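> Just one file: start37.csv, with CSV, C-alpha atoms.
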```csv
chain,number,residue,atom,x,y,z
D,1,MET,CA,-40.9,32.4,63.8
D,2,SER,CA,-37.2,32.8,64.3
D,3,ASP,CA,-35.9,35.7,62.4
D,4,GLY,CA,-32.2,35.2,62.9
D,5,THR,CA,-31.5,38.6,64.3
D,6,ARG,CA,-31.9,37.6,67.9
D,7,GLY,CA,-29.0,36.5,70.0
D,8,SER,CA,-27.7,33.1,68.9
D,9,GLY,CA,-27.6,31.9,72.5
D,10,ASP,CA,-31.4,32.0,72.6
D,11,PRO,CA,-32.5,28.6,73.9
D,12,GLY,CA,-35.9,28.9,72.4
D,13,ARG,CA,-34.4,29.3,68.9
D,14,SER,CA,-32.8,25.9,68.7
D,15,SER,CA,-36.0,24.2,69.8
D,16,GLU,CA,-37.9,26.1,67.3
D,17,GLU,CA,-35.5,25.1,64.6
D,18,ALA,CA,-35.8,21.5,65.6
D,19,ALA,CA,-39.6,21.8,65.5
D,20,LEU,CA,-39.3,23.3,62.0
D,21,SER,CA,-37.1,20.5,60.8
D,22,THR,CA,-39.5,17.9,62.1
D,23,ARG,CA,-42.3,19.6,60.4
D,24,LEU,CA,-40.3,19.7,57.2
D,25,LYS,CA,-39.6,16.0,57.5
D,26,HIS,CA,-43.3,15.3,58.1
D,27,LEU,CA,-44.1,17.4,55.0
D,28,GLY,CA,-41.6,15.4,52.9
D,29,GLU,CA,-43.2,12.1,54.1
D,30,ARG,CA,-46.6,13.3,53.3
D,31,LEU,CA,-45.5,14.4,49.8
D,32,ASP,CA,-44.0,11.0,49.3
D,33,ARG,CA,-47.2,9.3,50.3
D,34,MET,CA,-49.1,11.5,47.9
D,35,LYS,CA,-46.8,10.6,45.1
D,36,SER,CA,-47.0,6.9,45.7
D,37,SER,CA,-50.8,7.1,45.9
D,38,ARG,CA,-50.9,8.6,42.4
D,39,PRO,CA,-52.6,6.4,39.8
D,40,SER,CA,-50.0,4.2,38.1
D,41,GLN,CA,-49.2,3.8,34.4
D,42,ASP,CA,-52.4,2.3,33.2
D,43,ALA,CA,-54.8,3.1,36.0
D,44,ALA,CA,-58.2,3.5,34.5
D,45,PRO,CA,-58.0,6.9,32.9
D,46,ARG,CA,-61.5,8.4,32.8
D,47,PRO,CA,-62.9,11.5,31.3
D,48,GLN,CA,-63.8,14.0,34.0
D,49,GLY,CA,-65.0,17.5,34.0
D,50,ASN,CA,-67.8,18.7,36.2
D,51,ALA,CA,-68.8,22.0,34.8
D,52,SER,CA,-71.9,24.1,35.4
D,53,ALA,CA,-75.1,22.9,33.8
D,54,ILE,CA,-75.0,25.5,31.0
D,55,ALA,CA,-71.5,24.5,30.1
D,56,ARG,CA,-72.5,20.9,30.2
D,57,GLY,CA,-75.5,21.6,27.9
D,58,LEU,CA,-73.3,23.5,25.4
D,59,ARG,CA,-70.7,20.7,25.5
D,60,LEU,CA,-73.2,18.0,24.7
D,61,SER,CA,-75.0,20.0,22.0
D,62,THR,CA,-71.7,20.8,20.2
D,63,GLU,CA,-70.8,17.1,20.3
D,64,LEU,CA,-74.1,16.1,18.6
D,65,VAL,CA,-73.9,18.9,16.0
D,66,ALA,CA,-70.3,18.1,15.2
D,67,GLY,CA,-71.1,14.5,14.5
D,68,VAL,CA,-74.0,15.4,12.2
D,69,ILE,CA,-71.9,18.1,10.4
D,70,VAL,CA,-69.1,15.7,9.7
D,71,GLY,CA,-71.5,13.0,8.5
D,72,ALA,CA,-73.3,15.4,6.2
D,73,ALA,CA,-70.1,16.8,4.8
D,74,ILE,CA,-68.6,13.4,4.0
D,75,GLY,CA,-71.9,12.3,2.5
D,76,TRP,CA,-72.1,15.4,0.3
D,77,PHE,CA,-68.5,15.0,-0.9
D,78,LEU,CA,-69.0,11.3,-1.7
D,79,ASP,CA,-72.1,12.2,-3.7
D,80,ARG,CA,-70.2,14.7,-5.7
D,81,TRP,CA,-67.2,12.5,-6.1
D,82,LEU,CA,-69.0,9.2,-7.0
D,83,GLY,CA,-72.1,10.7,-8.5
D,84,ILE,CA,-74.5,8.7,-6.3
D,85,SER,CA,-76.6,11.6,-5.2
D,86,PRO,CA,-78.5,11.5,-2.9
D,87,TRP,CA,-77.6,8.2,-1.4
D,88,GLY,CA,-74.3,9.1,0.1
D,89,PHE,CA,-75.8,12.1,1.8
D,90,ILE,CA,-78.7,10.2,3.2
D,91,VAL,CA,-76.6,7.3,4.5
D,92,PHE,CA,-73.8,9.4,6.0
D,93,LEU,CA,-76.2,11.9,7.5
D,94,LEU,CA,-77.8,9.1,9.5
D,95,LEU,CA,-74.4,7.7,10.4
D,96,GLY,CA,-73.4,11.2,11.4
D,97,PHE,CA,-76.4,11.3,13.8
D,98,ALA,CA,-75.3,7.9,15.2
D,99,ALA,CA,-71.8,9.3,15.7
D,100,GLY,CA,-73.2,12.4,17.3
D,101,ILE,CA,-75.2,10.4,19.7
D,102,LEU,CA,-72.1,8.3,20.5
D,103,ASN,CA,-70.2,11.5,21.1
D,104,VAL,CA,-72.9,12.7,23.5
D,105,MET,CA,-73.0,9.5,25.4
D,106,ARG,CA,-69.2,9.3,25.7
D,107,SER,CA,-69.0,12.9,26.8
D,108,ALA,CA,-71.8,12.4,29.3
D,109,GLY,CA,-70.0,9.3,30.6
D,110,LEU,CA,-72.8,6.9,29.7
D,111,ALA,CA,-70.8,4.9,27.2
D,112,ASN,CA,-67.2,4.9,28.4
D,113,SER,CA,-65.2,3.2,25.7
D,114,LYS,CA,-62.4,2.5,28.1
D,115,GLN,CA,-64.4,0.2,30.4
D,116,ARG,CA,-65.0,-2.8,28.3
O,1,MET,CA,-70.0,51.9,17.4
O,2,ALA,CA,-71.2,51.1,20.9
O,3,ALA,CA,-74.4,49.7,19.5
O,4,ASP,CA,-72.6,47.3,17.1
O,5,PRO,CA,-71.9,44.1,19.0
O,6,ILE,CA,-69.8,42.6,16.3
O,7,HIS,CA,-67.4,45.5,15.9
O,8,GLN,CA,-65.2,44.2,18.7
O,9,PHE,CA,-64.3,41.1,16.7
O,10,GLU,CA,-63.0,43.0,13.7
O,11,ILE,CA,-59.5,42.3,12.7
O,12,GLN,CA,-57.5,45.5,12.3
O,13,ASN,CA,-54.2,45.7,10.4
O,14,LEU,CA,-51.7,47.5,12.6
O,15,VAL,CA,-48.4,47.2,10.9
O,16,PRO,CA,-47.8,45.8,7.3
O,17,LEU,CA,-45.1,43.2,7.5
O,18,LEU,CA,-44.5,41.6,4.1
O,19,LYS,CA,-46.2,40.8,0.9
O,20,VAL,CA,-46.5,37.3,-0.5
O,21,GLY,CA,-47.9,37.4,-4.0
O,22,ALA,CA,-51.2,39.3,-3.8
O,23,ALA,CA,-51.6,38.6,-0.1
O,24,GLU,CA,-50.4,41.2,2.3
O,25,ILE,CA,-49.4,40.0,5.7
O,26,HIS,CA,-50.1,42.5,8.5
O,27,PHE,CA,-49.4,42.5,12.1
O,28,THR,CA,-53.0,42.6,13.4
O,29,ASN,CA,-54.6,43.4,16.6
O,30,SER,CA,-55.2,39.6,17.0
O,31,ALA,CA,-51.5,39.0,16.7
O,32,ALA,CA,-50.8,41.8,19.2
O,33,PHE,CA,-53.1,40.2,21.8
O,34,MET,CA,-51.6,36.8,21.2
O,35,ILE,CA,-48.3,38.3,22.1
O,36,VAL,CA,-49.9,39.9,25.2
O,37,ALA,CA,-51.2,36.5,26.2
O,38,VAL,CA,-47.9,34.8,25.7
O,39,GLY,CA,-46.1,37.6,27.5
O,40,LEU,CA,-48.4,37.5,30.5
O,41,THR,CA,-48.0,33.7,30.7
O,42,ALA,CA,-44.2,34.0,30.6
O,43,ALA,CA,-44.3,36.9,33.1
O,44,LEU,CA,-46.5,34.9,35.5
O,45,LEU,CA,-44.7,31.6,35.3
O,46,ILE,CA,-41.1,32.7,34.9
O,47,GLY,CA,-41.5,35.7,37.2
O,48,ALA,CA,-43.3,33.9,39.9
O,49,THR,CA,-40.9,31.0,40.1
O,50,ALA,CA,-37.7,33.1,39.8
O,51,GLY,CA,-37.2,33.5,43.5
O,52,ARG,CA,-38.0,30.0,44.5
O,53,ARG,CA,-38.9,29.8,48.2
O,54,LEU,CA,-39.9,26.9,50.5
O,55,VAL,CA,-42.8,28.9,51.7
O,56,PRO,CA,-44.2,30.3,48.4
O,57,THR,CA,-45.2,33.9,47.9
O,58,ARG,CA,-48.7,34.5,46.5
O,59,MET,CA,-47.6,34.6,42.9
O,60,GLN,CA,-45.4,31.6,43.3
O,61,SER,CA,-48.4,29.6,44.7
O,62,VAL,CA,-50.5,30.7,41.7
O,63,ALA,CA,-47.8,29.3,39.4
O,64,GLU,CA,-47.5,26.1,41.5
O,65,LEU,CA,-51.2,25.6,41.7
O,66,THR,CA,-51.5,26.0,37.9
O,67,TYR,CA,-48.8,23.4,37.4
O,68,GLU,CA,-50.2,21.0,39.9
O,69,LEU,CA,-53.7,21.3,38.4
O,70,MET,CA,-52.6,20.6,34.9
O,71,ALA,CA,-50.2,17.8,35.9
O,72,SER,CA,-52.9,16.0,37.9
O,73,THR,CA,-55.5,16.5,35.1
O,74,LEU,CA,-53.1,15.1,32.6
O,75,ARG,CA,-52.0,12.2,34.9
O,76,ASN,CA,-55.6,11.3,35.7
O,77,SER,CA,-56.8,11.2,32.1
O,78,ALA,CA,-53.7,10.0,30.2
O,79,GLY,CA,-51.7,8.2,32.8
O,80,GLU,CA,-48.1,8.7,33.7
O,81,GLU,CA,-46.9,8.4,30.1
O,82,GLY,CA,-49.1,11.3,29.1
O,83,MET,CA,-46.7,13.6,31.1
O,84,LYS,CA,-44.5,13.8,28.0
O,85,PHE,CA,-47.2,16.0,26.5
O,86,PHE,CA,-47.2,18.2,29.6
O,87,PRO,CA,-45.5,21.2,27.8
O,88,LEU,CA,-48.1,21.1,25.1
O,89,VAL,CA,-51.0,20.9,27.6
O,90,LEU,CA,-49.8,23.6,29.9
O,91,SER,CA,-49.0,25.9,27.0
O,92,LEU,CA,-52.5,25.4,25.5
O,93,PHE,CA,-54.1,26.0,28.9
O,94,MET,CA,-52.1,29.1,29.7
O,95,PHE,CA,-52.5,30.6,26.2
O,96,ILE,CA,-56.3,30.1,26.2
O,97,LEU,CA,-56.7,31.2,29.7
O,98,MET,CA,-54.7,34.4,29.2
O,99,SER,CA,-56.5,35.2,25.9
O,100,ASN,CA,-59.9,34.6,27.5
O,101,VAL,CA,-59.2,36.6,30.6
O,102,VAL,CA,-57.5,39.5,28.8
O,103,GLY,CA,-60.5,39.6,26.4
O,104,ILE,CA,-62.8,40.5,29.3
O,105,ILE,CA,-61.1,43.8,29.8
O,106,PRO,CA,-62.9,46.5,27.8
O,107,TYR,CA,-61.3,47.7,24.6
O,108,THR,CA,-59.3,44.5,24.3
O,109,PHE,CA,-59.5,41.9,21.6
O,110,THR,CA,-60.5,38.3,22.4
O,111,VAL,CA,-58.1,36.1,20.4
O,112,THR,CA,-60.2,33.0,21.1
O,113,SER,CA,-63.4,34.5,19.7
O,114,HIS,CA,-62.2,33.7,16.2
O,115,ILE,CA,-62.8,30.1,15.1
O,116,ILE,CA,-59.7,30.1,13.0
O,117,ILE,CA,-57.6,30.4,16.2
O,118,THR,CA,-59.5,27.7,18.1
O,119,ALA,CA,-59.6,25.5,15.1
O,120,ALA,CA,-55.8,25.8,14.7
O,121,LEU,CA,-55.4,24.8,18.4
O,122,ALA,CA,-57.8,21.9,18.1
O,123,LEU,CA,-56.2,20.7,14.9
O,124,THR,CA,-52.8,20.8,16.5
O,125,VAL,CA,-54.2,18.4,19.1
O,126,PHE,CA,-55.9,16.3,16.5
O,127,PHE,CA,-52.8,15.8,14.4
O,128,THR,CA,-50.7,15.3,17.5
O,129,VAL,CA,-53.0,12.4,18.5
O,130,ILE,CA,-52.9,10.8,15.0
O,131,ILE,CA,-49.2,11.2,14.4
O,132,TYR,CA,-48.1,10.1,17.9
O,133,GLY,CA,-50.7,7.4,18.0
O,134,ILE,CA,-49.4,5.8,14.8
O,135,TYR,CA,-45.8,6.4,15.8
O,136,ARG,CA,-46.3,4.7,19.1
O,137,ASN,CA,-48.8,2.0,18.3
O,138,GLY,CA,-48.4,1.4,14.6
O,139,LEU,CA,-51.4,-0.1,12.9
O,140,HIS,CA,-52.7,-1.0,16.4
O,141,PHE,CA,-53.7,2.6,16.6
O,142,PHE,CA,-56.6,1.9,14.3
O,143,ASN,CA,-58.1,-0.4,16.9
O,144,LEU,CA,-59.5,2.9,18.2
O,145,PHE,CA,-62.2,2.5,15.5
O,146,LEU,CA,-63.1,-1.1,16.3
O,147,PRO,CA,-64.1,-1.7,19.9
O,148,SER,CA,-63.5,-5.3,21.0
O,149,GLY,CA,-66.5,-7.6,21.5
O,150,ILE,CA,-68.4,-6.4,18.5
O,151,PRO,CA,-70.0,-9.1,16.4
O,152,GLY,CA,-68.5,-9.3,12.9
O,153,TRP,CA,-71.5,-8.4,10.9
O,154,MET,CA,-71.8,-5.1,12.8
O,155,ALA,CA,-68.2,-4.2,12.4
O,156,PRO,CA,-68.4,-2.2,9.1
O,157,MET,CA,-71.1,0.1,10.5
O,158,ILE,CA,-69.4,0.5,13.9
O,159,ILE,CA,-66.1,1.4,12.2
O,160,VAL,CA,-67.8,4.1,10.1
O,161,ILE,CA,-69.6,5.6,13.1
O,162,GLU,CA,-66.4,5.5,15.2
O,163,LEU,CA,-64.5,7.1,12.4
O,164,LEU,CA,-67.1,9.9,12.1
O,165,SER,CA,-67.1,10.4,15.8
O,166,PHE,CA,-63.3,10.7,15.7
O,167,LEU,CA,-63.4,13.2,12.8
O,168,SER,CA,-66.0,15.3,14.6
O,169,ARG,CA,-63.7,15.8,17.5
O,170,PRO,CA,-61.7,18.9,16.3
O,171,ILE,CA,-65.0,20.5,15.3
O,172,SER,CA,-66.7,20.2,18.7
O,173,HIS,CA,-63.3,20.9,20.4
O,174,SER,CA,-62.9,24.2,18.6
O,175,VAL,CA,-66.5,25.3,18.2
O,176,ARG,CA,-67.1,24.9,22.0
O,177,LEU,CA,-64.4,27.4,23.0
O,178,PHE,CA,-65.1,29.8,20.1
O,179,ALA,CA,-68.9,29.8,20.6
O,180,ASN,CA,-68.6,30.4,24.3
O,181,MET,CA,-66.3,33.3,23.9
O,182,LEU,CA,-68.2,34.9,21.0
O,183,ALA,CA,-71.7,34.5,22.6
O,184,GLY,CA,-70.5,35.8,25.9
O,185,HIS,CA,-68.9,38.9,24.5
O,186,ILE,CA,-71.9,39.7,22.2
O,187,THR,CA,-74.3,39.4,25.1
O,188,LEU,CA,-72.1,41.6,27.2
O,189,LYS,CA,-71.9,44.2,24.5
O,190,LEU,CA,-75.7,44.1,23.8
O,191,VAL,CA,-76.6,44.5,27.5
O,192,GLY,CA,-74.0,47.2,27.8
O,193,GLY,CA,-75.5,48.9,24.8
O,194,PHE,CA,-78.9,49.0,26.5
O,195,VAL,CA,-77.5,51.1,29.3
O,196,VAL,CA,-76.3,53.7,26.8
O,197,MET,CA,-79.5,53.6,24.8
O,198,MET,CA,-81.8,53.9,27.8
O,199,GLY,CA,-79.6,56.5,29.4
O,200,SER,CA,-80.0,58.8,26.4
O,201,VAL,CA,-83.8,58.8,26.6
O,202,GLY,CA,-84.3,60.9,29.7
O,203,VAL,CA,-84.7,60.7,33.5
O,204,LEU,CA,-87.0,57.7,33.3
O,205,GLY,CA,-84.6,56.0,30.9
O,206,THR,CA,-81.7,56.6,33.2
O,207,ALA,CA,-83.6,55.1,36.1
O,208,GLY,CA,-84.5,52.1,33.9
O,209,ALA,CA,-80.9,51.7,32.8
O,210,ILE,CA,-79.9,50.5,36.3
O,211,ALA,CA,-81.3,47.0,35.5
O,212,PRO,CA,-79.1,46.4,32.5
O,213,LEU,CA,-76.2,47.9,34.3
O,214,ALA,CA,-76.5,45.5,37.1
O,215,LEU,CA,-76.9,42.7,34.6
O,216,THR,CA,-73.7,43.8,32.9
O,217,VAL,CA,-71.8,43.5,36.2
O,218,ALA,CA,-73.3,40.1,36.8
O,219,LEU,CA,-72.5,39.0,33.2
O,220,THR,CA,-68.9,40.2,33.5
O,221,ALA,CA,-68.5,37.9,36.5
O,222,LEU,CA,-70.1,35.0,34.6
O,223,GLU,CA,-67.8,35.7,31.7
O,224,LEU,CA,-64.8,35.4,34.0
O,225,LEU,CA,-66.0,32.0,35.1
O,226,VAL,CA,-66.7,31.0,31.5
O,227,ALA,CA,-63.2,32.2,30.5
O,228,VAL,CA,-61.5,30.0,33.1
O,229,LEU,CA,-63.8,27.1,32.7
O,230,GLN,CA,-63.5,26.9,28.9
O,231,ALA,CA,-59.7,27.0,29.0
O,232,TYR,CA,-59.9,24.1,31.5
O,233,VAL,CA,-62.5,22.2,29.4
O,234,PHE,CA,-60.3,22.6,26.3
O,235,THR,CA,-57.4,21.3,28.2
O,236,ILE,CA,-59.3,18.3,29.7
O,237,LEU,CA,-60.5,17.3,26.3
O,238,THR,CA,-56.9,17.6,25.0
O,239,CYS,CA,-55.9,15.2,27.8
O,240,ILE,CA,-58.6,12.7,26.9
O,241,TYR,CA,-57.7,12.8,23.2
O,242,LEU,CA,-54.1,12.3,24.0
O,243,ASN,CA,-55.0,9.3,26.1
O,244,ASP,CA,-56.4,7.7,22.9
O,245,ALA,CA,-53.1,8.2,21.2
O,246,ILE,CA,-51.3,6.5,24.1
O,247,HIS,CA,-53.9,3.7,24.9
O,248,PRO,CA,-55.8,3.2,21.7
O,249,GLY,CA,-56.9,-0.4,22.6
O,250,HIS,CA,-60.3,-0.8,24.0
```
Would you encode the structure as structure tokens?

Amino acid sequence: MSDGTRGSGDPGRSSEEAALSTRLKHLGERLDRMKSSRPSQDAAPRPQGNASAIARGLRLSTELVAGVIVGAAIGWFLDRWLGISPWGFIVFLLLGFAAGILNVMRSAGLANSKQR
Amino acid sequence: MAADPIHQFEIQNLVPLLKVGAAEIHFTNSAAFMIVAVGLTAALLIGATAGRRLVPTRMQSVAELTYELMASTLRNSAGEEGMKFFPLVLSLFMFILMSNVVGIIPYTFTVTSHIIITAALALTVFFTVIIYGIYRNGLHFFNLFLPSGIPGWMAPMIIVIELLSFLSRPISHSVRLFANMLAGHITLKLVGGFVVMMGSVGVLGTAGAIAPLALTVALTALELLVAVLQAYVFTILTCIYLNDAIHPGH
């Protein structure tokens, strides 16, 4: 490319500069097109994330376990608080399983809550 | 020490700072490596973009690619309005990425291998979602727990399940990053320990140590992948959760 140290009367240089400026203009136009093709304000946001299989497996298993743990913890505290042992634990453990399954399905993209 | 795979996660007090009641507050190795992570992030992003050029240098394109990746991730999952959380998202990503990658270097400390750190990061996101969601949408935010089109008699159960699902988010969010880093580093240390143990047996052991040595090299590469991937996964989930704060309606 032109390095500016050559003689300024070089006829090849001005044409090179013109070529450069047209390329810059093209680049600007392409950037504008990319910006306008971006999803707008409320365009269907969807969870994405395509990881390797092991990462996917770990992700789904933590989702399930987290749901169960939260359910069990809430049930246990309700039992202690209200003295209804063991019913709170039983009910909330099962609900926790349900929440865990819901988490897994959401995270696997099977139950997308945004597309109703 | 080489055979103890947990030793690397020990918190060491470096400099005593102050004393609050009975609790002494120290400057620990964890804090030191957090500062390293922040320093590297700042050096990379500020340094690379200092001499802004039209045709970027290598470091400048690294910084620009990082920015573009995070911006498009956030836009795709939380919409244009999510961009007001861009500083939070980019900071989280860079901090986790740098902590993870620095942690691969031998003799360093992996900040993100402690659940208290990842839990703090996940809870930051969790409370940001709740506070901003209520601030922006008012009580409409709680529609998050009641999907539309549910028959009335099912609503109580669905609300409880959705609530549990929502509460379990910070757990899975933090445990995923923490468990990946912890498990990876323990595996690496164990397999590396085999090399030392077998090498000390004799000629036959030294020959046999080649296999775990090769495995260590492969695992290090895998760990690098996991380090980058987990930082990205954490950030994507942050974006998805932030989306719920912005668009809670189903």
> One number please: atom CA of D:Leu110 to atom CA of O:Ile240, in Å, one decimal.
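Atom-to-atom, atom CA of D:Leu110 and atom CA of O:Ile240 are spaced 15.6 Å apart.
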> Set the cut-off to 8 Å and count all atoms listed in the file: what are the residues of chain O that reach chain D? Output as a PyMOL selection string.
chain O and resi 75-81+147-148+160-162+164-165+167-169+171-172+175-176+229+233+236+240+243+250
> Need to verify the contact set: O:Leu144, 10 Å, only C-alpha atoms, exclusion of same-chain residues closer than 2 positions in sequence. Can you return it as JSON, numbers by chain?
{"D": [113], "O": [133, 140, 141, 142, 146, 147, 148, 159, 162, 163, 166, 244, 245, 247, 248, 249, 250]}
> Would you output that residue set with C-alpha atoms, as a PDB file, in the frame of the given file?

```
ATOM      1  CA  SER D 113     -65.200   3.200  25.700  1.00  0.00           C
TER       2      SER D 113
ATOM      3  CA  GLY O 133     -50.700   7.400  18.000  1.00  0.00           C
ATOM      4  CA  HIS O 140     -52.700  -1.000  16.400  1.00  0.00           C
ATOM      5  CA  PHE O 141     -53.700   2.600  16.600  1.00  0.00           C
ATOM      6  CA  PHE O 142     -56.600   1.900  14.300  1.00  0.00           C
ATOM      7  CA  LEU O 146     -63.100  -1.100  16.300  1.00  0.00           C
ATOM      8  CA  PRO O 147     -64.100  -1.700  19.900  1.00  0.00           C
ATOM      9  CA  SER O 148     -63.500  -5.300  21.000  1.00  0.00           C
ATOM     10  CA  ILE O 159     -66.100   1.400  12.200  1.00  0.00           C
ATOM     11  CA  GLU O 162     -66.400   5.500  15.200  1.00  0.00           C
ATOM     12  CA  LEU O 163     -64.500   7.100  12.400  1.00  0.00           C
ATOM     13  CA  PHE O 166     -63.300  10.700  15.700  1.00  0.00           C
ATOM     14  CA  ASP O 244     -56.400   7.700  22.900  1.00  0.00           C
ATOM     15  CA  ALA O 245     -53.100   8.200  21.200  1.00  0.00           C
ATOM     16  CA  HIS O 247     -53.900   3.700  24.900  1.00  0.00           C
ATOM     17  CA  PRO O 248     -55.800   3.200  21.700  1.00  0.00           C
ATOM     18  CA  GLY O 249     -56.900  -0.400  22.600  1.00  0.00           C
ATOM     19  CA  HIS O 250     -60.300  -0.800  24.000  1.00  0.00           C
TER      20      HIS O 250
END
```
> So how many Å separate atom CA of O:Ala119 and atom CA of D:Trp76, to one decimal?
21.8 Å
> Neighbourhood query: residues within 12 Å of (-50.5, 40.2, 15.6), file coordinates, counting all atoms listed in the file; return as a PDB file with C-alpha atoms, in the coordinates of the input.

```
ATOM      1  CA  ILE O  11     -59.500  42.300  12.700  1.00  0.00           C
ATOM      2  CA  GLN O  12     -57.500  45.500  12.300  1.00  0.00           C
ATOM      3  CA  ASN O  13     -54.200  45.700  10.400  1.00  0.00           C
ATOM      4  CA  LEU O  14     -51.700  47.500  12.600  1.00  0.00           C
ATOM      5  CA  VAL O  15     -48.400  47.200  10.900  1.00  0.00           C
ATOM      6  CA  PRO O  16     -47.800  45.800   7.300  1.00  0.00           C
ATOM      7  CA  LEU O  17     -45.100  43.200   7.500  1.00  0.00           C
ATOM      8  CA  ILE O  25     -49.400  40.000   5.700  1.00  0.00           C
ATOM      9  CA  HIS O  26     -50.100  42.500   8.500  1.00  0.00           C
ATOM     10  CA  PHE O  27     -49.400  42.500  12.100  1.00  0.00           C
ATOM     11  CA  THR O  28     -53.000  42.600  13.400  1.00  0.00           C
ATOM     12  CA  ASN O  29     -54.600  43.400  16.600  1.00  0.00           C
ATOM     13  CA  SER O  30     -55.200  39.600  17.000  1.00  0.00           C
ATOM     14  CA  ALA O  31     -51.500  39.000  16.700  1.00  0.00           C
ATOM     15  CA  ALA O  32     -50.800  41.800  19.200  1.00  0.00           C
ATOM     16  CA  PHE O  33     -53.100  40.200  21.800  1.00  0.00           C
ATOM     17  CA  MET O  34     -51.600  36.800  21.200  1.00  0.00           C
ATOM     18  CA  ILE O  35     -48.300  38.300  22.100  1.00  0.00           C
ATOM     19  CA  VAL O  36     -49.900  39.900  25.200  1.00  0.00           C
ATOM     20  CA  ALA O  37     -51.200  36.500  26.200  1.00  0.00           C
ATOM     21  CA  VAL O  38     -47.900  34.800  25.700  1.00  0.00           C
ATOM     22  CA  PHE O 109     -59.500  41.900  21.600  1.00  0.00           C
ATOM     23  CA  VAL O 111     -58.100  36.100  20.400  1.00  0.00           C
TER      24      VAL O 111
END
```
> Could you name the residues that touch O:Ser91 at 10 Å or less, counting all atoms listed in the file, but leaving out those on the same chain fewer than 5 positions away, as a PyMOL selection string?
chain O and resi 38+41+86+96-97+235
> Report as a PyMOL selection string all protein, DNA and RNA residues lying within 12 Å of O:Gly47, evaluated on only C-alpha atoms, omitting residues in the same chain fewer than 4 positions from it.
chain O and resi 39-43+51-52+57-63
> Hey, can you check how far atom CA of O:Phe93 sits from atom CA of O:Thr220?
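Atom-to-atom, atom CA of O:Phe93 to atom CA of O:Thr220, that is 21.0 Å.
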